[in-house]
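Engineer: Provided below: entry_0.cif, containing mmCIF, C-alpha atoms and all ligand atoms.
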data_work
loop_
_atom_site.label_atom_id
_atom_site.label_comp_id
_atom_site.auth_asym_id
_atom_site.auth_seq_id
_atom_site.Cartn_x
_atom_site.Cartn_y
_atom_site.Cartn_z
CA MET U 1 128.32 41.15 59.84
CA PRO U 2 130.65 44.02 60.82
CA THR U 3 133.27 43.06 63.39
CA THR U 4 134.90 45.39 65.88
CA ARG U 5 138.58 44.82 66.62
CA PRO U 6 139.16 44.06 70.30
CA GLN U 7 140.74 46.88 72.30
CA THR U 8 144.19 46.10 73.65
CA ILE U 9 144.59 46.38 77.42
CA ALA U 10 148.17 46.37 78.75
CA LEU U 11 148.83 44.99 82.23
CA ALA U 12 152.12 45.98 83.87
CA GLY U 13 153.66 43.62 86.46
CA VAL U 14 151.41 40.58 86.41
CA GLY U 15 152.43 38.45 89.38
CA ASP U 16 149.62 37.10 91.56
CA LEU U 17 146.71 39.56 91.55
CA GLY U 18 147.05 40.59 87.91
CA LYS U 19 146.38 37.00 86.81
CA TYR U 20 142.67 37.39 87.65
CA THR U 21 142.32 40.42 85.37
CA CYS U 22 144.37 38.64 82.68
CA GLU U 23 141.99 35.69 82.74
CA GLU U 24 138.86 37.85 82.66
CA LEU U 25 140.25 39.88 79.74
CA LEU U 26 141.06 36.67 77.86
CA ALA U 27 137.45 35.57 78.35
CA SER U 28 136.06 38.81 76.91
CA PRO U 29 135.57 39.20 73.14
CA ARG U 30 135.81 42.99 73.54
CA PHE U 31 139.45 43.02 74.66
CA SER U 32 142.84 41.55 74.03
CA VAL U 33 145.53 41.57 76.69
CA ILE U 34 149.29 42.11 76.67
CA VAL U 35 151.65 42.03 79.65
CA LEU U 36 154.62 44.25 80.50
CA SER U 37 157.42 42.71 82.53
CA ARG U 38 161.00 43.51 83.54
CA GLY U 39 162.04 39.91 82.91
CA LYS U 40 163.16 38.33 79.68
CA GLN U 41 162.00 34.87 80.75
CA LYS U 42 158.38 34.28 79.85
CA GLU U 43 156.63 32.36 82.57
CA LYS U 44 154.84 29.18 81.45
CA TRP U 45 151.57 30.64 82.75
CA PHE U 46 151.66 33.26 79.96
CA THR U 47 152.85 31.03 77.14
CA GLU U 48 150.19 28.44 77.96
CA ARG U 49 147.55 31.14 77.50
CA GLN U 50 149.27 32.63 74.45
CA ILE U 51 149.62 36.01 76.17
CA ARG U 52 152.21 38.31 74.62
CA VAL U 53 154.71 39.48 77.24
CA TYR U 54 156.78 42.59 76.43
CA THR U 55 160.02 43.20 78.28
CA THR U 56 160.46 46.77 79.49
CA ASP U 57 162.84 48.72 81.70
CA TYR U 58 159.99 51.12 82.53
CA THR U 59 161.64 54.05 80.80
CA VAL U 60 159.33 56.28 78.74
CA PRO U 61 160.80 55.33 75.31
CA SER U 62 160.48 51.61 76.07
CA LEU U 63 156.89 51.97 77.33
CA LEU U 64 155.84 54.29 74.54
CA SER U 65 157.15 51.93 71.89
CA ILE U 66 155.08 49.06 73.36
CA LEU U 67 151.92 51.15 73.69
CA GLU U 68 152.20 52.42 70.13
CA THR U 69 153.13 49.08 68.54
CA THR U 70 150.18 47.33 70.18
CA SER U 71 147.67 50.23 69.92
CA THR U 72 146.98 49.82 73.62
CA THR U 73 144.04 51.90 74.84
CA THR U 74 144.28 51.27 78.61
CA LEU U 75 147.29 50.66 80.83
CA ILE U 76 146.75 48.93 84.17
CA SER U 77 149.50 48.44 86.71
CA PHE U 78 149.78 45.61 89.22
CA ILE U 79 153.39 46.48 90.03
CA ASN U 80 154.07 45.50 93.62
CA ASP U 81 156.41 48.20 94.89
CA PRO U 82 155.94 49.69 98.36
CA THR U 83 158.97 52.01 97.97
CA PRO U 84 159.15 55.58 96.59
CA GLY U 85 160.46 53.90 93.39
CA TYR U 86 156.75 53.34 92.70
CA VAL U 87 156.43 57.04 91.92
CA THR U 88 159.24 56.94 89.33
CA THR U 89 157.82 53.86 87.59
CA HIS U 90 154.26 55.17 87.57
CA THR U 91 155.31 58.63 86.41
CA ALA U 92 156.93 56.90 83.42
CA LEU U 93 153.68 54.98 82.79
CA LEU U 94 151.74 58.26 82.86
CA THR U 95 154.21 60.10 80.62
CA ALA U 96 154.13 57.25 78.10
CA CYS U 97 150.30 57.45 78.05
CA GLN U 98 150.48 61.22 77.54
CA GLN U 99 152.86 60.77 74.60
CA SER U 100 150.94 57.85 73.14
CA HIS U 101 148.33 58.33 70.43
CA SER U 102 146.13 55.46 71.58
CA CYS U 103 146.52 54.94 75.33
CA LYS U 104 144.53 57.50 77.29
CA ARG U 105 143.47 55.52 80.35
CA LEU U 106 145.58 54.47 83.33
CA ILE U 107 144.91 52.55 86.54
CA PRO U 108 147.91 52.69 88.89
CA SER U 109 148.75 49.82 91.22
CA GLU U 110 146.77 50.22 94.43
CA TRP U 111 144.35 47.28 94.87
CA ILE U 112 144.47 47.40 98.64
CA GLY U 113 142.98 49.53 101.40
CA ASP U 114 140.22 52.14 101.42
CA SER U 115 141.45 55.10 99.42
CA GLU U 116 138.43 57.27 100.28
CA THR U 117 138.40 56.90 104.08
CA TYR U 118 142.04 56.00 104.78
CA PRO U 119 144.04 57.25 101.77
CA LEU U 120 147.38 56.92 103.59
CA LYS U 121 146.92 53.33 104.78
CA PRO U 122 148.89 51.04 104.54
CA ASP U 123 151.66 53.35 105.85
CA TYR U 124 153.83 53.05 102.70
CA TYR U 125 151.04 54.73 100.71
CA ALA U 126 152.15 58.11 102.09
CA THR U 127 155.47 57.92 100.21
CA SER U 128 154.36 55.93 97.17
CA ARG U 129 150.66 56.04 96.21
CA GLU U 130 149.73 59.50 97.53
CA PRO U 131 152.49 61.46 95.69
CA PHE U 132 151.51 59.76 92.44
CA ARG U 133 147.79 60.41 93.05
CA ASN U 134 148.71 64.11 93.30
CA THR U 135 150.48 63.87 89.92
CA LEU U 136 147.37 62.28 88.43
CA ARG U 137 145.09 64.93 89.95
CA ALA U 138 147.28 67.71 88.50
CA GLN U 139 146.73 66.58 84.90
CA LYS U 140 143.65 66.26 82.72
CA GLU U 141 144.91 64.45 79.65
CA ILE U 142 144.81 60.89 80.93
CA GLU U 143 141.68 59.41 82.42
CA TRP U 144 142.47 57.48 85.59
CA THR U 145 140.84 55.81 88.55
CA LEU U 146 141.84 53.84 91.63
CA PHE U 147 140.62 50.30 92.17
CA ASN U 148 140.55 48.91 95.70
CA VAL U 149 139.24 45.45 96.32
CA GLY U 150 139.58 45.17 100.09
CA TRP U 151 141.05 41.98 101.43
CA LEU U 152 140.99 39.04 99.05
CA MET U 153 138.83 36.06 99.84
CA ASP U 154 141.24 33.91 97.86
CA TYR U 155 143.59 33.65 100.84
CA PHE U 156 141.07 31.24 102.38
CA LEU U 157 141.56 28.84 99.47
CA PRO U 158 144.09 26.01 99.20
CA ALA U 159 147.12 26.83 96.98
CA ARG U 160 145.81 24.89 93.96
CA LYS U 161 142.70 27.12 93.82
CA THR U 162 144.24 30.56 94.19
CA TRP U 163 146.83 32.68 92.41
CA MET U 164 147.66 34.51 95.66
CA LYS U 165 150.76 33.41 97.57
CA PRO U 166 150.08 32.86 101.28
CA VAL U 167 151.05 35.78 103.53
CA PRO U 168 151.70 34.14 106.91
CA GLY U 169 151.70 36.60 109.80
CA LYS U 170 149.74 39.19 107.83
CA PHE U 171 146.59 37.40 106.74
CA PRO U 172 144.63 36.31 109.84
CA VAL U 173 144.13 32.71 108.71
CA ASP U 174 147.10 30.39 108.16
CA LEU U 175 145.77 27.42 106.19
CA GLU U 176 149.08 25.56 106.31
CA GLY U 177 149.59 25.92 110.04
CA TRP U 178 145.89 25.60 110.96
CA SER U 179 146.01 28.77 113.03
CA ALA U 180 143.99 31.98 113.07
CA LEU U 181 144.72 35.40 114.49
CA VAL U 182 141.83 37.43 115.88
CA ARG U 183 142.28 41.13 115.13
CA GLY U 184 140.53 43.76 117.28
CA SER U 185 137.75 42.41 119.46
CA GLY U 186 136.75 39.79 116.92
CA GLU U 187 133.38 41.53 116.52
CA GLU U 188 134.41 44.06 113.86
CA VAL U 189 132.75 43.58 110.50
CA GLN U 190 135.16 42.53 107.76
CA SER U 191 134.37 42.21 104.07
CA TRP U 192 136.18 40.19 101.42
CA THR U 193 136.36 40.21 97.64
CA TYR U 194 136.88 37.18 95.42
CA GLY U 195 139.86 37.80 93.11
CA ARG U 196 137.93 36.68 90.03
CA ASP U 197 135.15 39.18 90.82
CA GLY U 198 137.79 41.89 91.14
CA GLY U 199 139.16 40.91 87.71
CA GLY U 200 135.63 40.96 86.26
CA GLY U 201 135.12 44.42 87.74
CA VAL U 202 138.28 45.70 86.07
CA VAL U 203 137.11 44.35 82.71
CA ALA U 204 133.71 46.04 83.18
CA LEU U 205 135.58 49.25 83.95
CA CYS U 206 137.60 48.90 80.74
CA GLY U 207 134.30 48.90 78.86
CA ALA U 208 132.78 51.84 80.76
CA ASP U 209 132.34 55.15 78.92
CA GLU U 210 133.56 57.25 81.84
CA TRP U 211 135.60 56.70 84.96
CA VAL U 212 135.39 58.33 88.37
CA GLY U 213 138.79 59.94 88.94
N1 LIG Z 301 143.71 43.39 98.27
C1 LIG Z 301 144.53 42.43 98.61
O1 LIG Z 301 144.23 41.56 99.44
C2 LIG Z 301 145.88 42.36 97.93
C3 LIG Z 301 146.64 41.20 98.09
C4 LIG Z 301 147.88 41.14 97.46
C5 LIG Z 301 148.36 42.22 96.74
N2 LIG Z 301 147.60 43.34 96.64
C6 LIG Z 301 148.11 44.51 95.89
O2 LIG Z 301 148.05 44.18 94.50
C7 LIG Z 301 149.19 44.68 93.79
C8 LIG Z 301 149.89 43.50 93.11
O3 LIG Z 301 150.26 42.56 94.11
P1 LIG Z 301 150.73 41.07 93.74
O4 LIG Z 301 150.56 40.25 94.95
O5 LIG Z 301 150.13 40.64 92.47
O6 LIG Z 301 152.28 41.35 93.53
P2 LIG Z 301 153.47 40.38 93.11
O7 LIG Z 301 152.96 39.14 92.51
O8 LIG Z 301 154.40 40.28 94.28
O9 LIG Z 301 154.22 41.31 92.02
C9 LIG Z 301 153.59 41.78 90.88
C10 LIG Z 301 154.63 42.14 89.86
O10 LIG Z 301 155.19 43.42 90.14
C11 LIG Z 301 156.38 43.53 89.35
N3 LIG Z 301 157.34 44.31 90.13
C12 LIG Z 301 157.73 44.08 91.41
N4 LIG Z 301 158.60 45.05 91.81
C13 LIG Z 301 158.75 45.88 90.75
C14 LIG Z 301 159.52 47.06 90.52
N5 LIG Z 301 160.33 47.58 91.47
N6 LIG Z 301 159.45 47.66 89.31
C15 LIG Z 301 158.66 47.15 88.33
N7 LIG Z 301 157.91 46.02 88.49
C16 LIG Z 301 157.96 45.40 89.68
C17 LIG Z 301 156.84 42.11 89.03
O11 LIG Z 301 156.66 41.87 87.62
P3 LIG Z 301 157.87 41.47 86.63
O12 LIG Z 301 158.84 40.68 87.44
O13 LIG Z 301 157.15 40.67 85.58
O14 LIG Z 301 158.43 42.75 86.13
C18 LIG Z 301 155.85 41.24 89.79
O15 LIG Z 301 155.53 40.03 89.18
C19 LIG Z 301 150.05 45.39 94.85
O16 LIG Z 301 149.79 46.78 94.79
C20 LIG Z 301 149.58 44.81 96.18
O17 LIG Z 301 149.69 45.70 97.26
C21 LIG Z 301 146.37 43.42 97.19
#
Would you write out, as structure tokens, the structure that this file holds?

Structural biologist:
Amino acid sequence: MPTTRPQTIALAGVGDLGKYTCEELLASPRFSVIVLSRGKQKEKWFTERQIRVYTTDYTVPSLLSILETTSTTTLISFINDPTPGYVTTHTALLTACQQSHSCKRLIPSEWIGDSETYPLKPDYYATSREPFRNTLRAQKEIEWTLFNVGWLMDYFLPARKTWMKPVPGKFPVDLEGWSALVRGSGEEVQSWTYGRDGGGGVVALCGADEWVG
């Protein structure tokens, strides 16, 4: 029976949220996953799952070498950087994809908010995500899309059942302190996404023929 080699998907900056996509990629026979990190120390979480972690300084030569060596086809960023430094790092990711022979798809790190209705929310998006979106829009060579999951349901779970660190003061429910903050009138509709479903959605997107830019 003919076998197809799994496509390599590279995930940059896997901290909390990226772990869900990592796990869903590991479960799929269509893909293999590698991780890009600034650190030299490989976290136990990755070694336990036999995930290859590549150290990078996020310069174009370093990124390009990893993409080419691994024949990566899609680069997905989970880098958590609210500063304008985000633009520099993501411009390097894009340039490396443009120079790469194999990697022609890129998802930058957004994962929060509603990019269609409120593209500049949270406030730091105006100086980080929006300038890079403009760079993406100005080019045609690399296929890209934005993935926004809304607020994660996983913050309702006890620590042993979630990869997300608690965000006291920001998330309305504090499981440790048994307190809840009511935002607005309390009547506004709020939706939530389960992290694992978000990861599954990303994997489905990796297998899709076309993306909505
Ligand atoms: N929808 C939601 O409810 C929700 C919740 C949380 C987060 N998010 C979003 O999801 C994305 C990932 O968040 P997260 O909670 O997974 O983040 P995180 O765990 O705090 O960080 C992710 C990784 O980003 C890398 N990183 C941080 N600063 C960097 C920099 N200056 N340059 C290069 N790499 C850097 C680090 O990787 P290395 O140390 O390995 O290099 C880190 O492990 C963010 O865009 C965040 O806003 C959404």

Engineer: Neighbours of ligand LIG 301 (chain Z) within 9 Å, counting only C-alpha atoms and all ligand atoms, as a PyMOL selection string?

Structural biologist: chain U and resi 12-19+35-43+53+55-58+77-83+85-86+89+108-113+148-155+163-165+167+171+192-193+195

Engineer: Please identify all polymer residues within 7 Å of U:Ser100, counting all atoms listed in the file, omitting same-chain residues fewer than 2 positions from it, and present them as a list in words.

Structural biologist: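 Listing them by chain and then by number gives Leu64, Leu67, Glu68, Ala96, Cys97, Gln98, Ser102 and Cys103 of chain U.
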
Engineer: Considering all atoms listed in the file, state which residue in the set U:Thr47, U:Gly213, U:Lys121, U:Thr162 is at the smallest distance from U:Arg137.

Structural biologist: U:Gly213

Engineer: Give me, please, the distance in Å between atom CA of U:Pro131 and atom CA of U:Gly169, quoted to one decimal.

Structural biologist: 28.6 Å

Engineer: Using all atoms listed in the file, which residue out of U:Asp114, U:Asp174, U:Glu210, U:Asp197 lies closest to U:Glu23?

Structural biologist: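 Closest residue, counting all atoms listed in the file: U:Asp197.
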
Engineer: Could you pull the residues within 12 Å of U:Arg30, counting all atoms listed in the file, minus those fewer than 4 positions along the same chain, as a list in words?

Structural biologist: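 Residues meeting the cut-off are Thr3, Thr4, Arg5, Pro6, Gln7, Thr8, Ile9, Glu24, Leu25, Leu26, Val203, Ala204, Cys206, Gly207 and Ala208 of chain U.
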
Engineer: Return the padded bounding box of stretch 172-183 of chain U as lines of an AutoDock Vina configuration file: axis-aligned, built from all atoms listed in the file, 4 Å added on each side, with centre and edge lengths in Å to one decimal.

Structural biologist:
center_x = 145.7
center_y = 33.3
center_z = 111.0
size_x = 15.8
size_y = 23.6
size_z = 17.7

Engineer: In Å, with one decimal, what is the gap from atom CA of U:Pro29 to atom CA of U:Tyr54?

Structural biologist: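 Going from atom CA of U:Pro29 over to atom CA of U:Tyr54 covers 21.7 Å.
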
Engineer: Go ahead and compute the interatomic distance for atom CA of U:Asp123 and atom CA of U:Val202, in Å to one decimal.

Structural biologist: 25.1 Å

Engineer: At a cut-off of 6 Å from (153.4, 59.2, 87.9) in the coordinates of the file, what residues are picked up using all atoms listed in the file, written as an NGL selection string?

Structural biologist: :U and (87 or 90-91 or 94 or 132 or 135)

Engineer: Leaving out U:Glu143 and any residue of its chain fewer than 3 positions from it, which residues lie within 7 Å of it when counting all atoms listed in the file, given as a PyMOL selection string?

Structural biologist: chain U and resi 104-106

Engineer: Using all atoms listed in the file, which protein or nucleic acid residues come within 6 Å of U:Ala10? Drop anything in the same chain fewer than 2 positions from it, and give the result as a ChimeraX atom specification.

Structural biologist: /U:33-35,75

Engineer: Where atoms are missing, can you supply N, CA and C atoms for stretch 136-156 of chain U and output the lot as a PDB file, in the coordinates of the input?

Structural biologist:
ATOM      1  N   LEU U 136     148.533  62.586  89.275  1.00  0.00           N
ATOM      2  CA  LEU U 136     147.370  62.280  88.430  1.00  0.00           C
ATOM      3  C   LEU U 136     146.326  63.399  88.523  1.00  0.00           C
ATOM      4  N   ARG U 137     146.101  63.878  89.753  1.00  0.00           N
ATOM      5  CA  ARG U 137     145.090  64.930  89.950  1.00  0.00           C
ATOM      6  C   ARG U 137     145.486  66.219  89.231  1.00  0.00           C
ATOM      7  N   ALA U 138     146.790  66.451  89.079  1.00  0.00           N
ATOM      8  CA  ALA U 138     147.280  67.710  88.500  1.00  0.00           C
ATOM      9  C   ALA U 138     147.193  67.730  86.973  1.00  0.00           C
ATOM     10  N   GLN U 139     146.807  66.619  86.370  1.00  0.00           N
ATOM     11  CA  GLN U 139     146.730  66.580  84.900  1.00  0.00           C
ATOM     12  C   GLN U 139     145.317  66.204  84.464  1.00  0.00           C
ATOM     13  N   LYS U 140     145.009  66.513  83.221  1.00  0.00           N
ATOM     14  CA  LYS U 140     143.650  66.260  82.720  1.00  0.00           C
ATOM     15  C   LYS U 140     143.649  65.324  81.502  1.00  0.00           C
ATOM     16  N   GLU U 141     144.840  65.132  80.940  1.00  0.00           N
ATOM     17  CA  GLU U 141     144.910  64.450  79.650  1.00  0.00           C
ATOM     18  C   GLU U 141     144.578  62.963  79.713  1.00  0.00           C
ATOM     19  N   ILE U 142     144.991  62.345  80.801  1.00  0.00           N
ATOM     20  CA  ILE U 142     144.810  60.890  80.930  1.00  0.00           C
ATOM     21  C   ILE U 142     143.719  60.601  81.948  1.00  0.00           C
ATOM     22  N   GLU U 143     142.741  59.802  81.511  1.00  0.00           N
ATOM     23  CA  GLU U 143     141.680  59.410  82.420  1.00  0.00           C
ATOM     24  C   GLU U 143     142.227  58.336  83.365  1.00  0.00           C
ATOM     25  N   TRP U 144     141.908  58.443  84.634  1.00  0.00           N
ATOM     26  CA  TRP U 144     142.470  57.480  85.590  1.00  0.00           C
ATOM     27  C   TRP U 144     141.447  57.193  86.683  1.00  0.00           C
ATOM     28  N   THR U 145     141.651  56.116  87.377  1.00  0.00           N
ATOM     29  CA  THR U 145     140.840  55.810  88.550  1.00  0.00           C
ATOM     30  C   THR U 145     141.647  54.890  89.457  1.00  0.00           C
ATOM     31  N   LEU U 146     141.175  54.742  90.689  1.00  0.00           N
ATOM     32  CA  LEU U 146     141.840  53.840  91.630  1.00  0.00           C
ATOM     33  C   LEU U 146     140.903  52.673  91.899  1.00  0.00           C
ATOM     34  N   PHE U 147     141.437  51.497  91.973  1.00  0.00           N
ATOM     35  CA  PHE U 147     140.620  50.300  92.170  1.00  0.00           C
ATOM     36  C   PHE U 147     141.089  49.620  93.461  1.00  0.00           C
ATOM     37  N   ASN U 148     140.192  49.561  94.434  1.00  0.00           N
ATOM     38  CA  ASN U 148     140.550  48.910  95.700  1.00  0.00           C
ATOM     39  C   ASN U 148     139.572  47.782  95.982  1.00  0.00           C
ATOM     40  N   VAL U 149     140.104  46.622  96.183  1.00  0.00           N
ATOM     41  CA  VAL U 149     139.240  45.450  96.320  1.00  0.00           C
ATOM     42  C   VAL U 149     139.031  45.014  97.768  1.00  0.00           C
ATOM     43  N   GLY U 150     139.650  45.698  98.719  1.00  0.00           N
ATOM     44  CA  GLY U 150     139.580  45.170 100.090  1.00  0.00           C
ATOM     45  C   GLY U 150     140.423  43.910 100.175  1.00  0.00           C
ATOM     46  N   TRP U 151     140.241  43.177 101.271  1.00  0.00           N
ATOM     47  CA  TRP U 151     141.050  41.980 101.430  1.00  0.00           C
ATOM     48  C   TRP U 151     140.514  40.858 100.545  1.00  0.00           C
ATOM     49  N   LEU U 152     141.419  40.068  99.999  1.00  0.00           N
ATOM     50  CA  LEU U 152     140.990  39.040  99.050  1.00  0.00           C
ATOM     51  C   LEU U 152     140.562  37.746  99.749  1.00  0.00           C
ATOM     52  N   MET U 153     139.404  37.288  99.326  1.00  0.00           N
ATOM     53  CA  MET U 153     138.830  36.060  99.840  1.00  0.00           C
ATOM     54  C   MET U 153     139.698  34.843  99.474  1.00  0.00           C
ATOM     55  N   ASP U 154     140.472  35.035  98.413  1.00  0.00           N
ATOM     56  CA  ASP U 154     141.240  33.910  97.860  1.00  0.00           C
ATOM     57  C   ASP U 154     142.290  33.365  98.828  1.00  0.00           C
ATOM     58  N   TYR U 155     142.624  34.143  99.859  1.00  0.00           N
ATOM     59  CA  TYR U 155     143.590  33.650 100.840  1.00  0.00           C
ATOM     60  C   TYR U 155     143.012  32.528 101.706  1.00  0.00           C
ATOM     61  N   PHE U 156     141.689  32.346 101.632  1.00  0.00           N
ATOM     62  CA  PHE U 156     141.070  31.240 102.380  1.00  0.00           C
ATOM     63  C   PHE U 156     141.156  29.926 101.596  1.00  0.00           C
TER      64      PHE U 156
END
